[in-house]
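Visitor: Sharing a structure with you now.
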Amino acid sequence: MPRCRNVASWRDGASAETQADLDGLLNSVLPFAQQQLGTHGAFFPFGAVVTDDGTVRLTSAYDGAGTPWTQELLDQLYEGTRSQRSSIRAVAFVADVRIPGNPEDAIRVELEHRGGIAIAVLLPYRKRQQSPGIDYEALRGATAVNRIWT
């Protein structure tokens, strides 16, 4: 997992499996979100899970009603994932967000493991005005709310 400020200590109490699962999820979802931003300029929220056998699987939500709000899709992802919690061991939820009080946007990744760890990671970005592309800043992280294993 790329190192980020403010969450280095979560590793101190986490098992090797927990660390590997969360690292694997972040390393799977972050490049996909960056690719979607580069290609489409934005993306709808999506998720990923690590199943009991270690397989990483992407997940999405959509109710078919026009253009849904980000929070509605995240709520659907949370609910759908809660119903699977007995057969999965880690989750990631990814959204394109605006940082409050800041002109920057960010990719937000909420990571959670059934072992009790919950972290939120932000990757702030700015779309270039004069040339195509996106400039990314350093990852930022903090503890998060457990949504699946509460």
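Each chain of the structure tokens is named A, B, ... in the order shown, its residues numbered from 1; ligands are numbered from 1 in display order.
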I want to know what sits within 9 Å of Ala118 of chain A, based on only C-alpha atoms, with residues of the same chain fewer than 5 positions away left out; could you give that as a count of residues only?
Guide: 11
Visitor: Residues near Ile88 of chain A, anyone? I mean within 6 Å using only C-alpha atoms, not counting same-chain ones fewer than 6 positions away, as a short mmCIF file (atom, residue, chain, number, x, y, z; two decimals) with N, CA, C and O atoms, in the first residue's frame.
Guide:
data_model
loop_
_atom_site.label_atom_id
_atom_site.label_comp_id
_atom_site.auth_asym_id
_atom_site.auth_seq_id
_atom_site.Cartn_x
_atom_site.Cartn_y
_atom_site.Cartn_z
N VAL A 50 -12.71 -8.61 -0.69
CA VAL A 50 -11.82 -9.77 -0.65
C VAL A 50 -12.65 -10.89 -0.08
O VAL A 50 -13.15 -10.79 1.06
N THR A 51 -12.84 -11.94 -0.86
CA THR A 51 -13.64 -13.08 -0.41
C THR A 51 -12.83 -13.93 0.56
O THR A 51 -11.61 -13.73 0.73
N ASP A 52 -13.48 -14.89 1.20
CA ASP A 52 -12.79 -15.75 2.15
C ASP A 52 -11.60 -16.48 1.54
O ASP A 52 -10.64 -16.77 2.24
#
Visitor: If I take atom CA of Asp75 of chain A and atom CA of Asp53 of chain A, how far is one from the other in Å, to one decimal?
Guide: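 Atom CA of Asp53 of chain A lies at a distance of 25.8 Å from atom CA of Asp75 of chain A.
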Visitor: Among the residues of segment 35-141 of chain A, find those DSSP assigns to alpha helix (DSSP H) from the backbone and print them as a list in words.
Guide: Gln35, Gln36, Leu37, Gly38, Thr39, His40, Thr70, Gln71, Glu72, Leu73, Leu74, Asp75, Gln76, Leu77, Tyr78, Glu79, Gly80, Thr81 and Arg82 of chain A
Visitor: Could you write out the selected residues, including N, CA and C atoms, as an mmCIF file, in the first residue's frame?
Guide:
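Dumped everything to again-v7.cif:
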data_model
loop_
_atom_site.group_PDB
_atom_site.id
_atom_site.type_symbol
_atom_site.label_atom_id
_atom_site.label_comp_id
_atom_site.auth_asym_id
_atom_site.auth_seq_id
_atom_site.Cartn_x
_atom_site.Cartn_y
_atom_site.Cartn_z
ATOM 1 N N GLN A 35 -7.733 5.560 -13.650
ATOM 2 C CA GLN A 35 -7.976 5.299 -15.076
ATOM 3 C C GLN A 35 -9.326 5.867 -15.496
ATOM 4 N N GLN A 36 -10.345 5.707 -14.664
ATOM 5 C CA GLN A 36 -11.666 6.248 -14.977
ATOM 6 C C GLN A 36 -11.632 7.776 -15.031
ATOM 7 N N LEU A 37 -10.923 8.396 -14.097
ATOM 8 C CA LEU A 37 -10.788 9.860 -14.118
ATOM 9 C C LEU A 37 -10.079 10.309 -15.394
ATOM 10 N N GLY A 38 -9.003 9.639 -15.750
ATOM 11 C CA GLY A 38 -8.245 10.011 -16.936
ATOM 12 C C GLY A 38 -9.041 9.845 -18.211
ATOM 13 N N THR A 39 -9.853 8.815 -18.287
ATOM 14 C CA THR A 39 -10.630 8.525 -19.493
ATOM 15 C C THR A 39 -11.932 9.317 -19.556
ATOM 16 N N HIS A 40 -12.657 9.388 -18.438
ATOM 17 C CA HIS A 40 -14.000 9.970 -18.424
ATOM 18 C C HIS A 40 -14.125 11.280 -17.648
ATOM 19 N N THR A 70 -24.144 10.349 -5.469
ATOM 20 C CA THR A 70 -23.031 9.569 -4.930
ATOM 21 C C THR A 70 -23.418 8.873 -3.627
ATOM 22 N N GLN A 71 -24.043 9.602 -2.695
ATOM 23 C CA GLN A 71 -24.372 8.995 -1.407
ATOM 24 C C GLN A 71 -25.386 7.867 -1.555
ATOM 25 N N GLU A 72 -26.333 8.000 -2.480
ATOM 26 C CA GLU A 72 -27.303 6.914 -2.709
ATOM 27 C C GLU A 72 -26.591 5.644 -3.162
ATOM 28 N N LEU A 73 -25.639 5.799 -4.086
ATOM 29 C CA LEU A 73 -24.895 4.631 -4.565
ATOM 30 C C LEU A 73 -24.036 4.032 -3.454
ATOM 31 N N LEU A 74 -23.391 4.873 -2.670
ATOM 32 C CA LEU A 74 -22.595 4.357 -1.557
ATOM 33 C C LEU A 74 -23.474 3.614 -0.559
ATOM 34 N N ASP A 75 -24.654 4.159 -0.246
ATOM 35 C CA ASP A 75 -25.566 3.478 0.673
ATOM 36 C C ASP A 75 -25.972 2.110 0.128
ATOM 37 N N GLN A 76 -26.219 2.026 -1.179
ATOM 38 C CA GLN A 76 -26.552 0.737 -1.797
ATOM 39 C C GLN A 76 -25.365 -0.228 -1.705
ATOM 40 N N LEU A 77 -24.161 0.289 -1.932
ATOM 41 C CA LEU A 77 -22.965 -0.556 -1.819
ATOM 42 C C LEU A 77 -22.784 -1.056 -0.388
ATOM 43 N N TYR A 78 -22.944 -0.162 0.598
ATOM 44 C CA TYR A 78 -22.804 -0.566 1.996
ATOM 45 C C TYR A 78 -23.805 -1.670 2.331
ATOM 46 N N GLU A 79 -25.063 -1.453 1.959
ATOM 47 C CA GLU A 79 -26.115 -2.426 2.284
ATOM 48 C C GLU A 79 -25.874 -3.770 1.601
ATOM 49 N N GLY A 80 -25.539 -3.731 0.318
ATOM 50 C CA GLY A 80 -25.268 -4.979 -0.404
ATOM 51 C C GLY A 80 -24.082 -5.733 0.169
ATOM 52 N N THR A 81 -23.078 -5.005 0.588
ATOM 53 C CA THR A 81 -21.885 -5.640 1.150
ATOM 54 C C THR A 81 -22.162 -6.202 2.537
ATOM 55 N N ARG A 82 -22.964 -5.497 3.340
ATOM 56 C CA ARG A 82 -23.322 -6.031 4.663
ATOM 57 C C ARG A 82 -23.967 -7.408 4.544
#
Visitor: May I have the residues within 10 Å of Leu22 of chain A as a PyMOL selection string, using only C-alpha atoms and disregarding those fewer than 2 positions away in the same chain?
Guide: chain A and resi 1+17-20+24-28+49-50+89-92+111-113+117-119
Visitor: Of the residues A:Gly41, A:Gly13, A:Pro31, A:Gly54, which is the one nearest to Pro132 of chain A, using only C-alpha atoms?
Guide: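 The closest residue to Pro132 of chain A is A:Gly41.
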Visitor: What separation in Å, quoted to one decimal, exists between atom CA of Arg126 of chain A and atom CA of Asp105 of chain A?
Guide: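 Separation between atom CA of Arg126 of chain A and atom CA of Asp105 of chain A: 6.7 Å.
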Visitor: Please report the interatomic distance between atom CA of Ala120 of chain A and atom CA of Thr150 of chain A in Å with one decimal.
Guide: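 One can read the atom CA of Ala120 of chain A to atom CA of Thr150 of chain A distance as 15.9 Å.
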